[in-house]
Amino acid sequence: MYSIDTRCIHGEAHSLSDANCSVSFPIYQTACFSHLTPGHNPTGFDYSRESNPTRKYLEETVSSLEGAADCVAFASGMAAISAFFELFRPGDHILCGEDLYGGVVRLIQQISLKNDYRIEYVDTTDPEKVAAAIRPDTKAVYLETPSNPMMRVSDIAAIAEIAHGSGAVLAVDNTFMTPLLQHPIAEGADYVIHSGTKYLSGHNDTVCGFLCTANEAAADRVRLISKTTGATLGPFECWLCLRGMKTLALRMERHVKNAEAVRDWLRGRAEVKEIYYAGSGMISFSVKSAEFALAVLKNVKLITFSESLGGTESLITYPIIQTHPDVPEEQRQRLGITDRLLRMSVGIENASDILGDLEQAFHKGANV
Ligand SMILES: Cc1ncc(COP(=O)(O)O)c(C=O)c1O
């Protein structure tokens, strides 16, 4: 097997090749595929909601990077997460990490509510708390590590052991680390989720998501859900993600290097009160006042005030109003998602330009 950075470019053991030997795998922009005669369909492709060659090529590549049995590409990270939450039945107990992307909290509290799941939030940074919260009817543990936006880190292997001991599955959102920096399935996770919108696509130009499965039985169930509910990824977006992933290894190196430079710079600033950094290109920090946070957002020039992450461009986000407004106030306060918290997705520009932009934005905010 090739090393992971080579597989970002070439995939691994693809079941597909292009008849015309194109180096870049083509975009199969078609809704349906012809059959030779009834019952005789040599390509195996019928209809693009269910499967499509460009999507299959992408899914095989992500599956290989994550060491998964299978992977389904969805129209967004939220579509992948919604498919995961379709796996359960009314009354099932599901333990969720306390700090999650706000859209997941909204899904749980406003959409999945009708499914009558018993959802409980737990501090997954402490495996003992997970063990104490597990019940005989617990069907899943769902977490992000590092979490969005507080960068809380959970021990995947320890939690997988606890979950499996009670017959529950573990799902890990690996968006922030990517398969370059963390391998949840190798550590025991059963499902791996990505907002492929972020580092995998990597250029702030595509919305997509992935749900990877560690075994064939889980894969069959996810395939049934994806083909039936239909939020699978279109061929062009598949191709954009494939193209973005070719440089994933290089980009991650630079994201991490630049984020470390930002962390070191923030450490020297009196306006910064706490820094939350756990590797990858993501860093959150709280500043001395809400007014100062707003001044930074207003004055950044190169760094864009925007809500996503994981792309080539540096972005800065105000979680309290952008990514986490649907998290209940009490939960936000407890976690530290306050009006003084900023989250930065450090891009791959020259580090001195990023630091220079922070410097001038902090300087302009000095008098607030
Ligand atoms: C950690 C994490 N998971 C999932 C999602 C949802 O992904 P998408 O925006 O592609 O639907 C996000 C979005 O920001 C996220 O940050």
# chains A, B, ... in the order shown; residues from 1 in each chain; ligands from 1
$ residues_near_ligand --ligand "ligand 1" --cutoff "10 Å" --atoms "only C-alpha atoms and all ligand atoms" --output "number ranges by chain"
A: 74-82, 99-104, 143-149, 172-177, 193-198, 206-210, 307-310, 322-324
$ write_last_selection --atoms "N, CA and C atoms" --output "short mmCIF file (atom, residue, chain, number, x, y, z; two decimals), in the first residue's frame"
data_model
loop_
_atom_site.label_atom_id
_atom_site.label_comp_id
_atom_site.auth_asym_id
_atom_site.auth_seq_id
_atom_site.Cartn_x
_atom_site.Cartn_y
_atom_site.Cartn_z
N PHE A 74 -21.60 12.64 0.70
CA PHE A 74 -22.90 13.32 0.84
C PHE A 74 -22.79 14.77 0.37
N ALA A 75 -23.97 15.38 0.23
CA ALA A 75 -24.04 16.75 -0.28
C ALA A 75 -23.48 17.78 0.72
N SER A 76 -23.29 17.40 1.95
CA SER A 76 -22.67 18.29 2.96
C SER A 76 -22.26 17.43 4.15
N GLY A 77 -21.48 18.03 5.04
CA GLY A 77 -21.16 17.32 6.28
C GLY A 77 -22.43 17.05 7.06
N MET A 78 -23.35 18.01 7.08
CA MET A 78 -24.60 17.82 7.83
C MET A 78 -25.43 16.69 7.24
N ALA A 79 -25.39 16.52 5.92
CA ALA A 79 -26.13 15.40 5.31
C ALA A 79 -25.53 14.07 5.77
N ALA A 80 -24.20 14.02 5.90
CA ALA A 80 -23.54 12.79 6.39
C ALA A 80 -23.93 12.52 7.84
N ILE A 81 -23.95 13.59 8.64
CA ILE A 81 -24.29 13.44 10.06
C ILE A 81 -25.76 13.04 10.20
N SER A 82 -26.62 13.64 9.38
CA SER A 82 -28.06 13.28 9.41
C SER A 82 -28.23 11.81 9.06
N ASP A 99 -19.17 19.51 23.38
CA ASP A 99 -18.79 20.59 22.48
C ASP A 99 -18.85 20.06 21.06
N LEU A 100 -19.84 20.52 20.30
CA LEU A 100 -20.05 20.03 18.93
C LEU A 100 -20.33 21.22 18.03
N TYR A 101 -20.07 21.06 16.73
CA TYR A 101 -20.48 22.07 15.76
C TYR A 101 -21.97 22.38 16.00
N GLY A 102 -22.32 23.69 16.01
CA GLY A 102 -23.67 24.11 16.36
C GLY A 102 -24.76 23.48 15.50
N GLY A 103 -24.44 23.18 14.24
CA GLY A 103 -25.43 22.56 13.35
C GLY A 103 -25.85 21.18 13.85
N VAL A 104 -24.93 20.49 14.52
CA VAL A 104 -25.25 19.15 15.04
C VAL A 104 -26.21 19.29 16.22
N LEU A 143 -18.84 12.02 18.88
CA LEU A 143 -17.98 13.11 19.36
C LEU A 143 -17.14 13.71 18.24
N GLU A 144 -16.65 14.92 18.52
CA GLU A 144 -15.66 15.58 17.68
C GLU A 144 -14.37 15.65 18.48
N THR A 145 -13.25 15.37 17.86
CA THR A 145 -11.97 15.55 18.55
C THR A 145 -10.89 15.94 17.56
N PRO A 146 -10.29 17.15 17.70
CA PRO A 146 -10.66 18.20 18.63
C PRO A 146 -12.05 18.73 18.29
N SER A 147 -12.72 19.28 19.30
CA SER A 147 -14.09 19.73 19.11
C SER A 147 -14.15 21.16 18.61
N ASN A 148 -15.29 21.48 18.02
CA ASN A 148 -15.53 22.80 17.45
C ASN A 148 -16.44 23.60 18.38
N PRO A 149 -16.05 24.70 18.96
CA PRO A 149 -14.83 25.47 18.69
C PRO A 149 -13.78 25.39 19.79
N VAL A 172 -16.84 9.31 15.17
CA VAL A 172 -15.91 10.41 15.42
C VAL A 172 -15.92 11.36 14.21
N ASP A 173 -16.14 12.63 14.49
CA ASP A 173 -16.02 13.65 13.45
C ASP A 173 -14.55 14.04 13.35
N ASN A 174 -13.95 13.70 12.21
CA ASN A 174 -12.49 13.88 12.03
C ASN A 174 -12.19 15.10 11.16
N THR A 175 -13.16 16.01 11.07
CA THR A 175 -13.01 17.17 10.18
C THR A 175 -11.77 17.99 10.48
N PHE A 176 -11.52 18.26 11.77
CA PHE A 176 -10.42 19.17 12.11
C PHE A 176 -9.05 18.55 11.88
N MET A 177 -8.91 17.25 12.14
CA MET A 177 -7.59 16.62 12.03
C MET A 177 -7.29 16.10 10.63
N ILE A 193 -16.77 10.71 10.38
CA ILE A 193 -17.51 11.74 9.67
C ILE A 193 -16.56 12.85 9.25
N HIS A 194 -16.84 13.42 8.07
CA HIS A 194 -16.11 14.61 7.65
C HIS A 194 -17.06 15.63 7.08
N SER A 195 -16.85 16.88 7.46
CA SER A 195 -17.32 17.96 6.60
C SER A 195 -16.21 18.10 5.57
N GLY A 196 -16.43 17.51 4.40
CA GLY A 196 -15.42 17.56 3.32
C GLY A 196 -15.28 18.95 2.74
N THR A 197 -16.24 19.81 3.11
CA THR A 197 -16.19 21.24 2.78
C THR A 197 -14.88 21.85 3.26
N LYS A 198 -14.31 21.27 4.30
CA LYS A 198 -13.20 21.89 5.01
C LYS A 198 -11.86 21.44 4.43
N THR A 206 -16.35 24.33 -2.20
CA THR A 206 -17.21 23.15 -2.36
C THR A 206 -17.84 22.79 -1.02
N VAL A 207 -19.09 22.39 -1.04
CA VAL A 207 -19.72 21.86 0.18
C VAL A 207 -19.92 20.36 -0.02
N CYS A 208 -19.39 19.56 0.88
CA CYS A 208 -19.58 18.11 0.77
C CYS A 208 -19.31 17.43 2.12
N GLY A 209 -19.69 16.17 2.24
CA GLY A 209 -19.49 15.46 3.50
C GLY A 209 -19.28 13.97 3.27
N PHE A 210 -18.74 13.30 4.28
CA PHE A 210 -18.46 11.87 4.17
C PHE A 210 -18.87 11.14 5.43
N GLU A 307 -17.42 32.17 7.96
CA GLU A 307 -17.85 31.16 8.92
C GLU A 307 -17.27 29.77 8.71
N SER A 308 -16.58 29.52 7.63
CA SER A 308 -16.13 28.15 7.39
C SER A 308 -14.70 27.95 7.92
N LEU A 309 -14.05 26.92 7.45
CA LEU A 309 -12.69 26.60 7.92
C LEU A 309 -12.05 25.59 6.97
N GLY A 310 -10.74 25.43 7.13
CA GLY A 310 -10.04 24.34 6.45
C GLY A 310 -9.61 24.64 5.03
N GLN A 322 -22.10 32.98 14.71
CA GLN A 322 -22.02 32.35 13.39
C GLN A 322 -22.23 30.84 13.42
N THR A 323 -21.40 30.13 14.14
CA THR A 323 -21.46 28.66 14.08
C THR A 323 -22.23 28.04 15.25
N HIS A 324 -22.38 28.78 16.36
CA HIS A 324 -22.95 28.17 17.56
C HIS A 324 -24.14 28.91 18.18
#
$ residues_around --residues "Val300 of chain A" --least-positions-apart "5" --cutoff "12 Å" --atoms "only C-alpha atoms" --output "ChimeraX atom specification"
/A:293-295,305-306,314-317,344,353-365
$ write_last_selection --atoms "N, CA and C atoms" --output "short mmCIF file (atom, residue, chain, number, x, y, z; two decimals), in the first residue's frame"
data_model
loop_
_atom_site.label_atom_id
_atom_site.label_comp_id
_atom_site.auth_asym_id
_atom_site.auth_seq_id
_atom_site.Cartn_x
_atom_site.Cartn_y
_atom_site.Cartn_z
N ALA A 293 -13.02 41.89 20.65
CA ALA A 293 -13.27 40.82 19.66
C ALA A 293 -13.92 41.42 18.41
N LEU A 294 -14.89 42.29 18.60
CA LEU A 294 -15.58 42.91 17.45
C LEU A 294 -14.62 43.79 16.66
N ALA A 295 -13.72 44.48 17.37
CA ALA A 295 -12.76 45.36 16.68
C ALA A 295 -11.81 44.52 15.82
N PHE A 305 -13.31 37.59 7.61
CA PHE A 305 -14.34 37.32 8.63
C PHE A 305 -15.41 36.48 7.94
N SER A 306 -15.39 35.18 8.20
CA SER A 306 -16.28 34.26 7.50
C SER A 306 -16.44 33.01 8.35
N SER A 314 -7.02 32.16 5.09
CA SER A 314 -7.25 32.28 6.54
C SER A 314 -8.60 32.93 6.78
N LEU A 315 -9.38 32.33 7.69
CA LEU A 315 -10.70 32.86 8.04
C LEU A 315 -10.77 33.05 9.56
N ILE A 316 -11.55 34.04 9.96
CA ILE A 316 -11.81 34.22 11.39
C ILE A 316 -13.32 34.24 11.59
N THR A 317 -13.74 33.57 12.67
CA THR A 317 -15.17 33.33 12.92
C THR A 317 -15.53 33.79 14.32
N MET A 344 -10.10 30.82 14.69
CA MET A 344 -9.38 31.09 13.45
C MET A 344 -9.05 29.82 12.70
N ASP A 353 2.54 37.36 6.67
CA ASP A 353 1.38 38.19 6.26
C ASP A 353 0.20 37.97 7.21
N ILE A 354 0.02 36.73 7.66
CA ILE A 354 -1.08 36.44 8.60
C ILE A 354 -0.83 37.18 9.92
N LEU A 355 0.40 37.05 10.42
CA LEU A 355 0.73 37.70 11.69
C LEU A 355 0.67 39.22 11.57
N GLY A 356 1.12 39.73 10.43
CA GLY A 356 1.06 41.18 10.19
C GLY A 356 -0.38 41.67 10.21
N ASP A 357 -1.28 40.88 9.65
CA ASP A 357 -2.69 41.29 9.62
C ASP A 357 -3.28 41.28 11.04
N LEU A 358 -2.93 40.25 11.81
CA LEU A 358 -3.40 40.21 13.20
C LEU A 358 -2.87 41.41 13.97
N GLU A 359 -1.58 41.69 13.75
CA GLU A 359 -0.91 42.81 14.44
C GLU A 359 -1.65 44.13 14.19
N GLN A 360 -1.96 44.39 12.92
CA GLN A 360 -2.60 45.68 12.62
C GLN A 360 -4.05 45.68 13.14
N ALA A 361 -4.73 44.52 13.12
CA ALA A 361 -6.12 44.49 13.62
C ALA A 361 -6.13 44.66 15.15
N PHE A 362 -5.16 44.06 15.84
CA PHE A 362 -5.06 44.23 17.30
C PHE A 362 -4.73 45.69 17.61
N HIS A 363 -3.84 46.26 16.80
CA HIS A 363 -3.43 47.65 17.04
C HIS A 363 -4.63 48.59 16.91
N LYS A 364 -5.45 48.35 15.86
CA LYS A 364 -6.62 49.22 15.66
C LYS A 364 -7.63 49.05 16.78
N GLY A 365 -7.65 47.85 17.37
CA GLY A 365 -8.61 47.60 18.46
C GLY A 365 -8.11 48.09 19.82
#
$ select_by_dssp --residues "segment 79-135 of chain A" --states "helix (DSSP H, G or I)" --output "NGL selection string"
:A and (79-85 or 102-115 or 127-133)
$ write_last_selection --atoms "N, CA and C atoms" --output "CSV table (one decimal), in the first residue's frame"
chain,number,residue,atom,x,y,z
A,79,ALA,N,-25.4,16.5,5.9
A,79,ALA,CA,-26.1,15.4,5.3
A,79,ALA,C,-25.5,14.1,5.8
A,80,ALA,N,-24.2,14.0,5.9
A,80,ALA,CA,-23.5,12.8,6.4
A,80,ALA,C,-23.9,12.5,7.8
A,81,ILE,N,-23.9,13.6,8.6
A,81,ILE,CA,-24.3,13.4,10.1
A,81,ILE,C,-25.8,13.0,10.2
A,82,SER,N,-26.6,13.6,9.4
A,82,SER,CA,-28.1,13.3,9.4
A,82,SER,C,-28.2,11.8,9.1
A,83,ALA,N,-27.5,11.3,8.1
A,83,ALA,CA,-27.5,9.9,7.7
A,83,ALA,C,-27.1,9.0,8.9
A,84,PHE,N,-26.1,9.5,9.6
A,84,PHE,CA,-25.7,8.7,10.8
A,84,PHE,C,-26.8,8.6,11.8
A,85,PHE,N,-27.5,9.8,12.1
A,85,PHE,CA,-28.6,9.8,13.1
A,85,PHE,C,-29.8,9.0,12.6
A,102,GLY,N,-22.3,23.7,16.0
A,102,GLY,CA,-23.7,24.1,16.4
A,102,GLY,C,-24.8,23.5,15.5
A,103,GLY,N,-24.4,23.2,14.2
A,103,GLY,CA,-25.4,22.6,13.4
A,103,GLY,C,-25.8,21.2,13.8
A,104,VAL,N,-24.9,20.5,14.5
A,104,VAL,CA,-25.3,19.2,15.0
A,104,VAL,C,-26.2,19.3,16.2
A,105,VAL,N,-26.0,20.3,17.1
A,105,VAL,CA,-26.9,20.5,18.2
A,105,VAL,C,-28.3,20.9,17.7
A,106,ARG,N,-28.3,21.7,16.6
A,106,ARG,CA,-29.6,22.1,16.0
A,106,ARG,C,-30.3,20.8,15.4
A,107,LEU,N,-29.5,20.0,14.8
A,107,LEU,CA,-30.1,18.7,14.3
A,107,LEU,C,-30.7,17.9,15.4
A,108,ILE,N,-30.0,17.8,16.5
A,108,ILE,CA,-30.4,17.0,17.6
A,108,ILE,C,-31.7,17.6,18.2
A,109,GLN,N,-31.6,18.9,18.4
A,109,GLN,CA,-32.7,19.5,19.2
A,109,GLN,C,-33.9,19.9,18.4
A,110,GLN,N,-33.7,20.2,17.1
A,110,GLN,CA,-34.9,20.7,16.4
A,110,GLN,C,-35.4,19.7,15.3
A,111,ILE,N,-34.6,18.8,14.9
A,111,ILE,CA,-35.0,17.9,13.8
A,111,ILE,C,-35.1,16.4,14.3
A,112,SER,N,-34.1,15.9,15.0
A,112,SER,CA,-34.1,14.5,15.4
A,112,SER,C,-35.1,14.3,16.6
A,113,LEU,N,-35.5,15.5,17.2
A,113,LEU,CA,-36.4,15.4,18.4
A,113,LEU,C,-37.6,14.5,18.1
A,114,LYS,N,-38.1,14.5,16.9
A,114,LYS,CA,-39.3,13.7,16.6
A,114,LYS,C,-39.0,12.3,16.6
A,115,ASN,N,-37.7,11.9,16.5
A,115,ASN,CA,-37.3,10.5,16.5
A,115,ASN,C,-37.3,9.9,17.9
A,127,PRO,N,-12.8,9.8,29.8
A,127,PRO,CA,-13.4,8.5,29.5
A,127,PRO,C,-14.2,8.0,30.7
A,128,GLU,N,-13.8,8.3,31.9
A,128,GLU,CA,-14.5,7.8,33.1
A,128,GLU,C,-15.9,8.4,33.1
A,129,LYS,N,-16.1,9.6,32.7
A,129,LYS,CA,-17.4,10.2,32.6
A,129,LYS,C,-18.3,9.5,31.5
A,130,VAL,N,-17.6,9.1,30.5
A,130,VAL,CA,-18.3,8.4,29.4
A,130,VAL,C,-18.8,7.0,30.0
A,131,ALA,N,-17.8,6.3,30.7
A,131,ALA,CA,-18.2,5.0,31.3
A,131,ALA,C,-19.3,5.1,32.2
A,132,ALA,N,-19.4,6.2,33.0
A,132,ALA,CA,-20.4,6.4,34.0
A,132,ALA,C,-21.8,6.7,33.3
A,133,ALA,N,-21.7,7.3,32.1
A,133,ALA,CA,-23.0,7.7,31.5
A,133,ALA,C,-23.5,6.6,30.6
$ select_by_dssp --residues "segment 228-308 of chain A" --states "strand (DSSP E or B)" --output "JSON, numbers by chain"
{"A": [232, 272, 273, 274, 275, 276, 277, 282, 283, 284, 285, 286, 287, 304, 305]}
$ residues_around --residues "Val62 of chain A" --least-positions-apart "3" --cutoff "10 Å" --atoms "only C-alpha atoms" --output "PyMOL selection string"
chain A and resi 7-8+11-12+56-59+65-68+70-73+179+194+196+200+210-212+242+245
$ residues_around --residues "segment 259-267 of chain A" --least-positions-apart "6" --cutoff "9 Å" --atoms "only C-alpha atoms" --output "list in words"
Lys273, Glu274, Ile275, Tyr276, Tyr277, Gly279, Ser280, Gly281, Met282, Ile283, Phe285, Met344, Ser345, Val346, Gly347, Ala351, Ser352, Ile354, Leu355 and Leu358 of chain A
$ atom_distance --atom1 "atom CA of Asn350 of chain A" --atom2 "atom CA of Lys288 of chain A"
27.3 Å
$ atom_distance --atom1 "atom CA of Asn52 of chain A" --atom2 "atom CA of Arg223 of chain A"
13.1 Å
$ residues_around --residues "Phe33 of chain A" --least-positions-apart "6" --cutoff "10 Å" --atoms "only C-alpha atoms" --output "JSON, numbers by chain"
{"A": [41, 43, 44, 45, 46, 47, 48, 52]}
$ write_last_selection --atoms "N, CA and C atoms" --output "PDB file, in the first residue's frame"
ATOM      1  N   ASN A  41     -26.151  -5.463 -17.047  1.00  0.00           N
ATOM      2  CA  ASN A  41     -25.633  -4.107 -16.813  1.00  0.00           C
ATOM      3  C   ASN A  41     -24.176  -4.205 -16.423  1.00  0.00           C
ATOM      4  N   THR A  43     -21.617  -2.301 -16.326  1.00  0.00           N
ATOM      5  CA  THR A  43     -20.896  -1.267 -15.564  1.00  0.00           C
ATOM      6  C   THR A  43     -21.275  -1.279 -14.086  1.00  0.00           C
ATOM      7  N   GLY A  44     -22.458  -1.773 -13.766  1.00  0.00           N
ATOM      8  CA  GLY A  44     -22.915  -1.739 -12.373  1.00  0.00           C
ATOM      9  C   GLY A  44     -23.519  -0.404 -11.979  1.00  0.00           C
ATOM     10  N   PHE A  45     -23.491   0.591 -12.863  1.00  0.00           N
ATOM     11  CA  PHE A  45     -24.083   1.903 -12.545  1.00  0.00           C
ATOM     12  C   PHE A  45     -25.476   2.003 -13.155  1.00  0.00           C
ATOM     13  N   ASP A  46     -26.439   2.485 -12.336  1.00  0.00           N
ATOM     14  CA  ASP A  46     -27.817   2.626 -12.804  1.00  0.00           C
ATOM     15  C   ASP A  46     -28.260   4.080 -12.844  1.00  0.00           C
ATOM     16  N   TYR A  47     -28.113   4.713 -11.686  1.00  0.00           N
ATOM     17  CA  TYR A  47     -28.748   6.005 -11.471  1.00  0.00           C
ATOM     18  C   TYR A  47     -27.873   6.774 -10.483  1.00  0.00           C
ATOM     19  N   SER A  48     -27.596   8.060 -10.757  1.00  0.00           N
ATOM     20  CA  SER A  48     -26.546   8.761 -10.011  1.00  0.00           C
ATOM     21  C   SER A  48     -26.891   9.100  -8.564  1.00  0.00           C
ATOM     22  N   ASN A  52     -22.336   6.726  -8.844  1.00  0.00           N
ATOM     23  CA  ASN A  52     -21.836   7.452 -10.016  1.00  0.00           C
ATOM     24  C   ASN A  52     -20.325   7.234 -10.032  1.00  0.00           C
TER      25      ASN A  52
END
$ closest_residue --among "A:Pro42, A:Tyr28, A:Leu224, A:His35" --to "Leu87 of chain A" --atoms "only C-alpha atoms"
A:Leu224
$ atom_distance --atom1 "atom CA of Phe292 of chain A" --atom2 "atom CA of Asn367 of chain A"
8.6 Å
$ residues_around --residues "Cys238 of chain A" --least-positions-apart "3" --cutoff "6 Å" --atoms "only C-alpha atoms" --output "list in words"
Arg55, Pro235 and Cys241 of chain A
$ write_last_selection --atoms "C-alpha atoms" --output "PDB file, in the first residue's frame"
ATOM      1  CA  ARG A  55     -18.423   9.716  -6.715  1.00  0.00           C
ATOM      2  CA  PRO A 235     -20.352  14.612  -9.862  1.00  0.00           C
ATOM      3  CA  CYS A 241     -13.028  17.427  -3.773  1.00  0.00           C
TER       4      CYS A 241
END
